[in-house]
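The next block holds one structure in the form of C-alpha cells; read it before the comments.
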Amino acid sequence: MSPLFSAHNLTLIRGERCLFRELDFALDAGELLLLEGRNGSGKTSLLKAIVGLLELETGEFRWQGAPVSAQRQAFLADLVWLAHRTGLKPDLTPVENLSFESALRAFRSQDIDAALERLGVLRLRKLPLRSLSAGQQRRVALARLLLAQASIWLMDEPFTNLDSEGRTLLGDIVTEHLESGGLCIMAAHQEVPVDAPTRRVTL
Amino acid sequence: MSQQSTQIPGLLAGLLGTLRRDLLLAWKRPGDVLNPLFFFTMVCTLFPVAIGPSVEQLAFAAPGVLWVAALLATLLSLNSLFLADHEDGSIEQLLASPQPLVVLTLGKTTAHWLTSGLPLVVLSPLIALAFRLPPGTIWVMMTTLALGTISLSLLGSVGAALTVGLHRGTALLSLLILPLAMPVLIFGTRTVSLAAAGDAYSMGLFALAAYAVGALSLAPFATAAALRISNE
C-alpha cells in the first residue's frame with residue numbers, strides 16, 4: 001500500500017542556490033515528520049512548496065495515492081499551515097481572528113472558546129491581539145489547529161515563544177492529532193516532546 | 001481523521017468572510033479610512049482659494065478638481081490594500097486556503113471600495129455645492145464617481161498586488177495604475193462638464209459603466225495571479 005503522503009525526487013532552487021536536490025520522503029497516518037537542518041537550509045521553503053507557494057524545479061508530492069497538483073483544492077482543504085508569521089490581525093481579538101478562518105476552510109467556530117480554554121488564553125478573548133505577549137499570540141494561532149478539520153498539519157517552528165508548559169501542551173496536542181490518524185510535518189530545531197512514530201529529514 | 005469528509009465553505013462565505021474582516025479592520029482603524037477622505041476634502045477646499053472666488057471659474061474647474069482629487073485619494077488608500085496582510089502573513093494563509101484566491105481578493109477589493117470609494121461619493125455633493133455646480137448635475141457627478149471609483153479600486157488592486165513585495169512600491173504603484181486610470185478620469189470629468197453645460201452626457205455614463213464591468217470581470221483574476229507572483 002502506498003503511503004498517505006509522499007514526496008518524490010524534490011529539487012528546489014531559490015535564486016542561484018539549490019536548497020535540496022532529489023529529496024524523497026514518505027509519511028503515513030499517525031506519523032510525525034521532522035524537518036531538520038541549520039538556518040537557511042530550506043525547511044520553510046519545503047513547507048511552502050508543499051502548500052504550493054513555491055514552484056519545484058523537479059519532483060512531486062503525492063497525497064492518498066494521487067499527485068497533489070491534480071487535486072490541489074481537496075489537498076488544501078485537508079491541510080492547515082501554521083507559518084512563522086501567524087496571519088493573525090493585531091487589531092482584532094482572538095475570537096474575531098479565529099472566526100475568520102471559517103470563511104477559508106472547514107472550521108468548528110462553535111468550539112472557539114473551548115480551544116482557547118485548552119490553550120490557556122480564554123480570559124484574553126476580548127482583547128486586541130496586539131496587547132497579548134508573543135507567547136500568548138502563538139497560543140491563539142495554535143487554536144487554529146485544534147479547530148480546523150484537517151488531517152495534515154504543517155508547522156514552522158511551532159515551539160517559538162512558548163514557555164515550558166506551553167511546549168508540553170503543544171506536544172500533547174500534536175500527539176493526540178497523530179493518534180487520531182492525522183499526520184504532521186514540522187520544521188524544528190530542538191527535540192520535540194511528541195510521543196509518536198517519528199521520521200526525520202535533514203536538509 | 002482522514003476518512004471524514006472535509007466540507008469547504010461556499011464561495012459566498014469566502015467572499016463575505018473576507019469582506020467582513022476587512023470592514024471590521026477598517027472600523028478598528030478609522031484613521032486609514034479618514035486620511036484619504038481628509039486629503040480629498042483638503043485638495044477640494046484649497047483649489048477655490050488658489051483659483052479665486054469667481055463663480056464662473058469655480059464651476060468651470062469643479063469637475064476636474066473633484067475628479068483629480070478623487071483619483072489621488074484612491075491611489076493614496078491603495079497602497080495599504082495588501083501591505084498589512086503581507087506583513088502579518090495573512091496573504092500566505094489566503095493562498096493556502098482551498099477557497100479560490102479570486103473570490104478572496106474580490107472580497108478585499110469590495111471592502112476597499114466600500115471604505116474608500118463610497119465615502120468619496122457620499123462626500124462629493126457637499127464639495128460640488130461649494131463649487132457652485134448646478135444642483136441638477138450633482139447626481140450625474142455622484143454616478144460618475146461611483147462607477148469610476150469601482151474601476152479604480154479594481155484596477156488598483158492589481159497594482160497593489162504586484163507591488164506588495166517591493167519596499168516603497170508606492171511610486172511604482174502610481175505609475176502602473178495611472179495609464180489605466182486615464183480613461184476613467186477623462187470620461188468622468190467630461191461627463192460632469194457636459195452635464196453642467198446642459199449637453200447630452202449619457203454616453204459618458206455608459207462608457208464608465210462599461211469600463212467598470214470590464215474591470216470587474218478581469219481585474220480580480222489579474223489580482224490573484226499577481227499575488228501569487230509576489231509571494232513566490
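Following the order of the C-alpha cells, first chain is A, next is B, and so on, with residues numbered from 1 inside each chain and ligands from 1 in the order they appear.
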As a PDB file with N, CA and C atoms, in the first residue's frame, could you give me every residue of chain B near chain A (at most 12 Å apart, counting only C-alpha atoms)?
```
ATOM      1  N   MET B   1      -8.978  10.175  10.986  1.00  0.00           N
ATOM      2  CA  MET B   1      -9.433  11.536  10.723  1.00  0.00           C
ATOM      3  C   MET B   1      -9.569  11.787   9.226  1.00  0.00           C
ATOM      4  N   SER B   2      -8.755  11.071   8.442  1.00  0.00           N
ATOM      5  CA  SER B   2      -8.752  11.384   7.022  1.00  0.00           C
ATOM      6  C   SER B   2     -10.004  10.867   6.329  1.00  0.00           C
ATOM      7  N   GLN B   3     -10.705   9.913   6.965  1.00  0.00           N
ATOM      8  CA  GLN B   3     -11.869   9.381   6.263  1.00  0.00           C
ATOM      9  C   GLN B   3     -13.070  10.303   6.364  1.00  0.00           C
ATOM     10  N   GLN B   4     -13.061  11.233   7.362  1.00  0.00           N
ATOM     11  CA  GLN B   4     -14.209  12.127   7.451  1.00  0.00           C
ATOM     12  C   GLN B   4     -14.163  13.110   6.286  1.00  0.00           C
ATOM     13  N   SER B   5     -15.315  13.377   5.698  1.00  0.00           N
ATOM     14  CA  SER B   5     -15.322  14.244   4.535  1.00  0.00           C
ATOM     15  C   SER B   5     -15.119  15.685   4.986  1.00  0.00           C
ATOM     16  N   THR B   6     -14.277  16.413   4.275  1.00  0.00           N
ATOM     17  CA  THR B   6     -13.982  17.781   4.655  1.00  0.00           C
ATOM     18  C   THR B   6     -14.838  18.730   3.834  1.00  0.00           C
ATOM     19  N   GLN B   7     -15.706  19.438   4.525  1.00  0.00           N
ATOM     20  CA  GLN B   7     -16.605  20.372   3.853  1.00  0.00           C
ATOM     21  C   GLN B   7     -15.914  21.724   3.691  1.00  0.00           C
ATOM     22  N   ILE B   8     -15.773  22.179   2.464  1.00  0.00           N
ATOM     23  CA  ILE B   8     -15.237  23.512   2.238  1.00  0.00           C
ATOM     24  C   ILE B   8     -16.401  24.499   2.287  1.00  0.00           C
ATOM     25  N   PRO B   9     -16.236  25.644   2.977  1.00  0.00           N
ATOM     26  CA  PRO B   9     -17.313  26.629   2.956  1.00  0.00           C
ATOM     27  C   PRO B   9     -17.539  27.147   1.541  1.00  0.00           C
ATOM     28  N   GLY B  10     -18.749  27.599   1.249  1.00  0.00           N
ATOM     29  CA  GLY B  10     -19.084  28.038  -0.099  1.00  0.00           C
ATOM     30  C   GLY B  10     -18.324  29.286  -0.513  1.00  0.00           C
ATOM     31  N   LEU B  11     -18.389  29.597  -1.816  1.00  0.00           N
ATOM     32  CA  LEU B  11     -17.680  30.763  -2.337  1.00  0.00           C
ATOM     33  C   LEU B  11     -18.189  32.041  -1.700  1.00  0.00           C
ATOM     34  N   LEU B  12     -19.520  32.098  -1.506  1.00  0.00           N
ATOM     35  CA  LEU B  12     -20.104  33.305  -0.927  1.00  0.00           C
ATOM     36  C   LEU B  12     -19.597  33.514   0.497  1.00  0.00           C
ATOM     37  N   ALA B  13     -19.445  32.409   1.238  1.00  0.00           N
ATOM     38  CA  ALA B  13     -18.915  32.516   2.603  1.00  0.00           C
ATOM     39  C   ALA B  13     -17.495  33.071   2.571  1.00  0.00           C
ATOM     40  N   GLY B  14     -16.712  32.648   1.569  1.00  0.00           N
ATOM     41  CA  GLY B  14     -15.350  33.160   1.439  1.00  0.00           C
ATOM     42  C   GLY B  14     -15.339  34.643   1.135  1.00  0.00           C
ATOM     43  N   LEU B  15     -16.198  35.043   0.189  1.00  0.00           N
ATOM     44  CA  LEU B  15     -16.271  36.461  -0.203  1.00  0.00           C
ATOM     45  C   LEU B  15     -16.726  37.325   0.967  1.00  0.00           C
ATOM     46  N   LEU B  16     -17.831  36.906   1.603  1.00  0.00           N
ATOM     47  CA  LEU B  16     -18.385  37.719   2.682  1.00  0.00           C
ATOM     48  C   LEU B  16     -17.476  37.706   3.913  1.00  0.00           C
ATOM     49  N   GLY B  17     -16.816  36.566   4.151  1.00  0.00           N
ATOM     50  CA  GLY B  17     -15.907  36.492   5.292  1.00  0.00           C
ATOM     51  C   GLY B  17     -14.759  37.471   5.160  1.00  0.00           C
ATOM     52  N   THR B  18     -14.139  37.511   3.969  1.00  0.00           N
ATOM     53  CA  THR B  18     -13.041  38.447   3.749  1.00  0.00           C
ATOM     54  C   THR B  18     -13.533  39.887   3.831  1.00  0.00           C
ATOM     55  N   LEU B  19     -14.694  40.120   3.212  1.00  0.00           N
ATOM     56  CA  LEU B  19     -15.276  41.464   3.228  1.00  0.00           C
ATOM     57  C   LEU B  19     -15.524  41.918   4.664  1.00  0.00           C
ATOM     58  N   ARG B  20     -16.114  41.007   5.444  1.00  0.00           N
ATOM     59  CA  ARG B  20     -16.465  41.338   6.819  1.00  0.00           C
ATOM     60  C   ARG B  20     -15.208  41.636   7.638  1.00  0.00           C
ATOM     61  N   ARG B  21     -14.182  40.813   7.453  1.00  0.00           N
ATOM     62  CA  ARG B  21     -12.974  41.037   8.241  1.00  0.00           C
ATOM     63  C   ARG B  21     -12.338  42.383   7.892  1.00  0.00           C
ATOM     64  N   ASP B  22     -12.286  42.720   6.592  1.00  0.00           N
ATOM     65  CA  ASP B  22     -11.640  43.974   6.212  1.00  0.00           C
ATOM     66  C   ASP B  22     -12.439  45.178   6.678  1.00  0.00           C
ATOM     67  N   LEU B  23     -13.778  45.059   6.657  1.00  0.00           N
ATOM     68  CA  LEU B  23     -14.596  46.168   7.174  1.00  0.00           C
ATOM     69  C   LEU B  23     -14.381  46.321   8.683  1.00  0.00           C
ATOM     70  N   LEU B  24     -14.273  45.185   9.368  1.00  0.00           N
ATOM     71  CA  LEU B  24     -14.028  45.213  10.811  1.00  0.00           C
ATOM     72  C   LEU B  24     -12.685  45.884  11.109  1.00  0.00           C
ATOM     73  N   LEU B  25     -11.672  45.538  10.302  1.00  0.00           N
ATOM     74  CA  LEU B  25     -10.352  46.141  10.482  1.00  0.00           C
ATOM     75  C   LEU B  25     -10.414  47.647  10.240  1.00  0.00           C
ATOM     76  N   ALA B  26     -11.164  48.051   9.200  1.00  0.00           N
ATOM     77  CA  ALA B  26     -11.296  49.484   8.899  1.00  0.00           C
ATOM     78  C   ALA B  26     -11.991  50.191  10.060  1.00  0.00           C
ATOM     79  N   TRP B  27     -12.978  49.522  10.655  1.00  0.00           N
ATOM     80  CA  TRP B  27     -13.719  50.096  11.781  1.00  0.00           C
ATOM     81  C   TRP B  27     -12.790  50.301  12.974  1.00  0.00           C
ATOM     82  N   LYS B  28     -11.849  49.339  13.154  1.00  0.00           N
ATOM     83  CA  LYS B  28     -10.952  49.434  14.306  1.00  0.00           C
ATOM     84  C   LYS B  28      -9.810  50.414  14.050  1.00  0.00           C
ATOM     85  N   ARG B  29      -9.545  50.714  12.792  1.00  0.00           N
ATOM     86  CA  ARG B  29      -8.501  51.695  12.475  1.00  0.00           C
ATOM     87  C   ARG B  29      -9.100  52.782  11.601  1.00  0.00           C
ATOM     88  N   PRO B  30      -9.937  53.647  12.175  1.00  0.00           N
ATOM     89  CA  PRO B  30     -10.638  54.636  11.340  1.00  0.00           C
ATOM     90  C   PRO B  30      -9.686  55.598  10.634  1.00  0.00           C
ATOM     91  N   ALA B  84      -0.516  45.282   4.905  1.00  0.00           N
ATOM     92  CA  ALA B  84      -0.605  44.709   6.257  1.00  0.00           C
ATOM     93  C   ALA B  84      -0.747  43.193   6.170  1.00  0.00           C
ATOM     94  N   ASP B  85      -1.539  42.716   5.228  1.00  0.00           N
ATOM     95  CA  ASP B  85      -1.740  41.280   5.056  1.00  0.00           C
ATOM     96  C   ASP B  85      -0.436  40.588   4.693  1.00  0.00           C
ATOM     97  N   HIS B  86       0.387  41.295   3.916  1.00  0.00           N
ATOM     98  CA  HIS B  86       1.663  40.726   3.516  1.00  0.00           C
ATOM     99  C   HIS B  86       2.585  40.615   4.725  1.00  0.00           C
ATOM    100  N   GLU B  87       2.556  41.657   5.567  1.00  0.00           N
ATOM    101  CA  GLU B  87       3.495  41.682   6.694  1.00  0.00           C
ATOM    102  C   GLU B  87       3.108  40.709   7.794  1.00  0.00           C
ATOM    103  N   ASP B  88       1.821  40.526   8.034  1.00  0.00           N
ATOM    104  CA  ASP B  88       1.464  39.633   9.150  1.00  0.00           C
ATOM    105  C   ASP B  88       1.213  38.188   8.694  1.00  0.00           C
ATOM    106  N   GLY B  89       1.411  37.911   7.406  1.00  0.00           N
ATOM    107  CA  GLY B  89       1.302  36.525   6.946  1.00  0.00           C
ATOM    108  C   GLY B  89      -0.106  36.112   6.535  1.00  0.00           C
ATOM    109  N   SER B  90      -1.070  37.046   6.552  1.00  0.00           N
ATOM    110  CA  SER B  90      -2.445  36.666   6.168  1.00  0.00           C
ATOM    111  C   SER B  90      -2.514  36.222   4.722  1.00  0.00           C
ATOM    112  N   ILE B  91      -1.713  36.874   3.861  1.00  0.00           N
ATOM    113  CA  ILE B  91      -1.763  36.528   2.438  1.00  0.00           C
ATOM    114  C   ILE B  91      -1.407  35.056   2.249  1.00  0.00           C
ATOM    115  N   GLU B  92      -0.377  34.612   2.980  1.00  0.00           N
ATOM    116  CA  GLU B  92       0.034  33.210   2.843  1.00  0.00           C
ATOM    117  C   GLU B  92      -1.105  32.295   3.264  1.00  0.00           C
ATOM    118  N   GLN B  93      -1.853  32.704   4.294  1.00  0.00           N
ATOM    119  CA  GLN B  93      -2.979  31.879   4.725  1.00  0.00           C
ATOM    120  C   GLN B  93      -4.082  31.859   3.670  1.00  0.00           C
ATOM    121  N   LEU B  94      -4.291  33.012   3.001  1.00  0.00           N
ATOM    122  CA  LEU B  94      -5.287  33.046   1.921  1.00  0.00           C
ATOM    123  C   LEU B  94      -4.849  32.119   0.788  1.00  0.00           C
ATOM    124  N   LEU B  95      -3.534  32.155   0.466  1.00  0.00           N
ATOM    125  CA  LEU B  95      -3.025  31.313  -0.613  1.00  0.00           C
ATOM    126  C   LEU B  95      -3.112  29.835  -0.252  1.00  0.00           C
ATOM    127  N   ALA B  96      -2.998  29.526   1.041  1.00  0.00           N
ATOM    128  CA  ALA B  96      -3.016  28.127   1.474  1.00  0.00           C
ATOM    129  C   ALA B  96      -4.425  27.634   1.749  1.00  0.00           C
ATOM    130  N   SER B  97      -5.418  28.451   1.415  1.00  0.00           N
ATOM    131  CA  SER B  97      -6.793  28.018   1.682  1.00  0.00           C
ATOM    132  C   SER B  97      -7.376  27.341   0.455  1.00  0.00           C
ATOM    133  N   PRO B  98      -8.306  26.428   0.654  1.00  0.00           N
ATOM    134  CA  PRO B  98      -8.924  25.758  -0.502  1.00  0.00           C
ATOM    135  C   PRO B  98      -9.832  26.686  -1.305  1.00  0.00           C
ATOM    136  N   GLN B  99     -10.176  27.842  -0.745  1.00  0.00           N
ATOM    137  CA  GLN B  99     -11.016  28.787  -1.487  1.00  0.00           C
ATOM    138  C   GLN B  99     -10.231  29.347  -2.677  1.00  0.00           C
ATOM    139  N   PRO B 100     -10.902  29.588  -3.811  1.00  0.00           N
ATOM    140  CA  PRO B 100     -10.212  30.239  -4.930  1.00  0.00           C
ATOM    141  C   PRO B 100      -9.749  31.641  -4.514  1.00  0.00           C
ATOM    142  N   LEU B 101      -8.510  31.948  -4.829  1.00  0.00           N
ATOM    143  CA  LEU B 101      -7.948  33.229  -4.414  1.00  0.00           C
ATOM    144  C   LEU B 101      -8.727  34.400  -5.005  1.00  0.00           C
ATOM    145  N   VAL B 103     -11.866  34.815  -5.376  1.00  0.00           N
ATOM    146  CA  VAL B 103     -13.012  35.159  -4.539  1.00  0.00           C
ATOM    147  C   VAL B 103     -12.564  35.966  -3.326  1.00  0.00           C
ATOM    148  N   LEU B 104     -11.448  35.530  -2.725  1.00  0.00           N
ATOM    149  CA  LEU B 104     -10.974  36.205  -1.522  1.00  0.00           C
ATOM    150  C   LEU B 104     -10.480  37.619  -1.842  1.00  0.00           C
ATOM    151  N   GLY B 107     -13.322  39.938  -2.390  1.00  0.00           N
ATOM    152  CA  GLY B 107     -13.853  40.397  -1.107  1.00  0.00           C
ATOM    153  C   GLY B 107     -13.053  41.550  -0.549  1.00  0.00           C
ATOM    154  N   ALA B 225      -3.501  36.430  -9.654  1.00  0.00           N
ATOM    155  CA  ALA B 225      -2.254  35.968 -10.280  1.00  0.00           C
ATOM    156  C   ALA B 225      -1.077  36.791  -9.768  1.00  0.00           C
ATOM    157  N   LEU B 227      -0.793  38.334  -6.906  1.00  0.00           N
ATOM    158  CA  LEU B 227      -0.483  37.991  -5.516  1.00  0.00           C
ATOM    159  C   LEU B 227       0.350  36.715  -5.447  1.00  0.00           C
ATOM    160  N   ARG B 228       0.028  35.760  -6.307  1.00  0.00           N
ATOM    161  CA  ARG B 228       0.814  34.525  -6.324  1.00  0.00           C
ATOM    162  C   ARG B 228       2.261  34.815  -6.686  1.00  0.00           C
ATOM    163  N   ILE B 229       2.439  35.676  -7.713  1.00  0.00           N
ATOM    164  CA  ILE B 229       3.798  36.003  -8.146  1.00  0.00           C
ATOM    165  C   ILE B 229       4.545  36.728  -7.025  1.00  0.00           C
ATOM    166  N   SER B 230       3.870  37.684  -6.375  1.00  0.00           N
ATOM    167  CA  SER B 230       4.534  38.462  -5.329  1.00  0.00           C
ATOM    168  C   SER B 230       4.945  37.595  -4.159  1.00  0.00           C
ATOM    169  N   ASN B 231       4.289  36.456  -3.979  1.00  0.00           N
ATOM    170  CA  ASN B 231       4.582  35.639  -2.811  1.00  0.00           C
ATOM    171  C   ASN B 231       5.520  34.476  -3.102  1.00  0.00           C
ATOM    172  N   GLU B 232       6.066  34.418  -4.316  1.00  0.00           N
ATOM    173  CA  GLU B 232       6.978  33.323  -4.627  1.00  0.00           C
ATOM    174  C   GLU B 232       8.278  33.469  -3.863  1.00  0.00           C
TER     175      GLU B 232
END
```
For this session: Write down as a VMD selection string the residues belonging to segment 7-182 of chain A that are assigned strand (DSSP E) by DSSP computed on the backbone.
Result: chain A and resid 7 to 14 17 to 27 32 to 36 58 to 63 66 to 67 79 to 82 152 to 156
Problem set entry | Atom-to-atom span, atom CA of Phe25 of chain A and atom CA of Leu162 of chain A, Å | 28.9 Å
For this session: Show which residues sit within 8 Å of Asn161 of chain A, as a PyMOL selection string. Count only C-alpha atoms, and ignore same-chain residues fewer than 5 positions away.
Result: chain A and resi 134-135+138
When you look at Leu155 of chain B with a cut-off of 10 Å (counting only C-alpha atoms), what residues show up, excluding the ones that are within fewer than 2 positions of it in the same chain? I need them as an mmCIF file with C-alpha atoms, in the first residue's frame.
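Written file, part_10.cif:
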```cif
data_model
loop_
_atom_site.group_PDB
_atom_site.id
_atom_site.type_symbol
_atom_site.label_atom_id
_atom_site.label_comp_id
_atom_site.auth_asym_id
_atom_site.auth_seq_id
_atom_site.Cartn_x
_atom_site.Cartn_y
_atom_site.Cartn_z
ATOM 1 C CA LEU B 78 -4.496 51.614 -2.415
ATOM 2 C CA THR B 109 -11.358 44.835 -3.145
ATOM 3 C CA THR B 149 -14.096 54.535 -8.112
ATOM 4 C CA ILE B 150 -15.284 50.949 -8.647
ATOM 5 C CA SER B 151 -12.941 50.746 -11.641
ATOM 6 C CA LEU B 152 -10.135 52.445 -9.719
ATOM 7 C CA SER B 153 -10.428 50.049 -6.748
ATOM 8 C CA SER B 157 -5.872 46.069 -6.530
ATOM 9 C CA VAL B 158 -3.891 44.602 -9.440
ATOM 10 C CA GLY B 159 -1.165 47.200 -8.964
ATOM 11 C CA ALA B 160 -1.210 46.815 -5.194
ATOM 12 C CA LEU B 176 1.276 51.226 -13.060
ATOM 13 C CA ILE B 177 -2.217 52.433 -12.300
ATOM 14 C CA LEU B 178 -2.270 55.905 -13.856
ATOM 15 C CA LEU B 180 -5.272 52.505 -16.781
ATOM 16 C CA ALA B 181 -6.996 55.208 -14.754
ATOM 17 C CA ALA B 212 -16.362 49.204 -14.540
ATOM 18 C CA ALA B 215 -12.605 45.826 -14.705
ATOM 19 C CA LEU B 216 -14.919 43.714 -12.542
ATOM 20 C CA LEU B 218 -10.900 40.861 -15.481
ATOM 21 C CA ALA B 219 -9.160 42.589 -12.581
ATOM 22 C CA PRO B 220 -9.875 40.013 -9.816
ATOM 23 C CA ALA B 222 -5.147 39.557 -12.506
ATOM 24 C CA THR B 223 -5.007 40.461 -8.820
#
```
Exercise. Suppose you want the space between atom CA of Thr41 of chain B and atom CA of Gly188 of chain B; what is it in Å?
Worked result: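 Interatomic distance here is 18.3 Å.
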Problem set entry | Selection: 12 Å around Ile51 of chain B, only C-alpha atoms, excl. self and same-chain fewer than 4 positions, as a PyMOL selection string | chain B and resi 44-47+55-62+65+131
For this session: Output as a ChimeraX atom specification all residues of segment 94-187 of chain B that backbone DSSP marks as alpha helix (DSSP H).
Result: /B:94-95,101-112,118-130,138-163,170-187
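Distances here use only C-alpha atoms; by that measure, the residue among A:Val95, A:Glu22, A:Leu47, A:Ala70 closest to Ser109 of chain A is A:Val95.
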Problem set entry | From A:Ala115, A:Phe20, A:Thr93, A:Asp156, residue lying nearest Leu132 of chain A [only C-alpha atoms] |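 Going through A:Ala115, A:Phe20, A:Thr93, A:Asp156 one by one, the smallest distance to Leu132 of chain A is for A:Thr93.
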Problem set entry | Among listed residues A:Leu35, A:Cys184, A:Leu23, A:Leu122, nearest Leu10 of chain A (using only C-alpha atoms) |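 Going through A:Leu35, A:Cys184, A:Leu23, A:Leu122 one by one, the smallest distance to Leu10 of chain A is for A:Leu23.
In this model, the gap between atom CA of Gly148 of chain B and atom CA of Ala130 of chain B comes to 21.6 Å.
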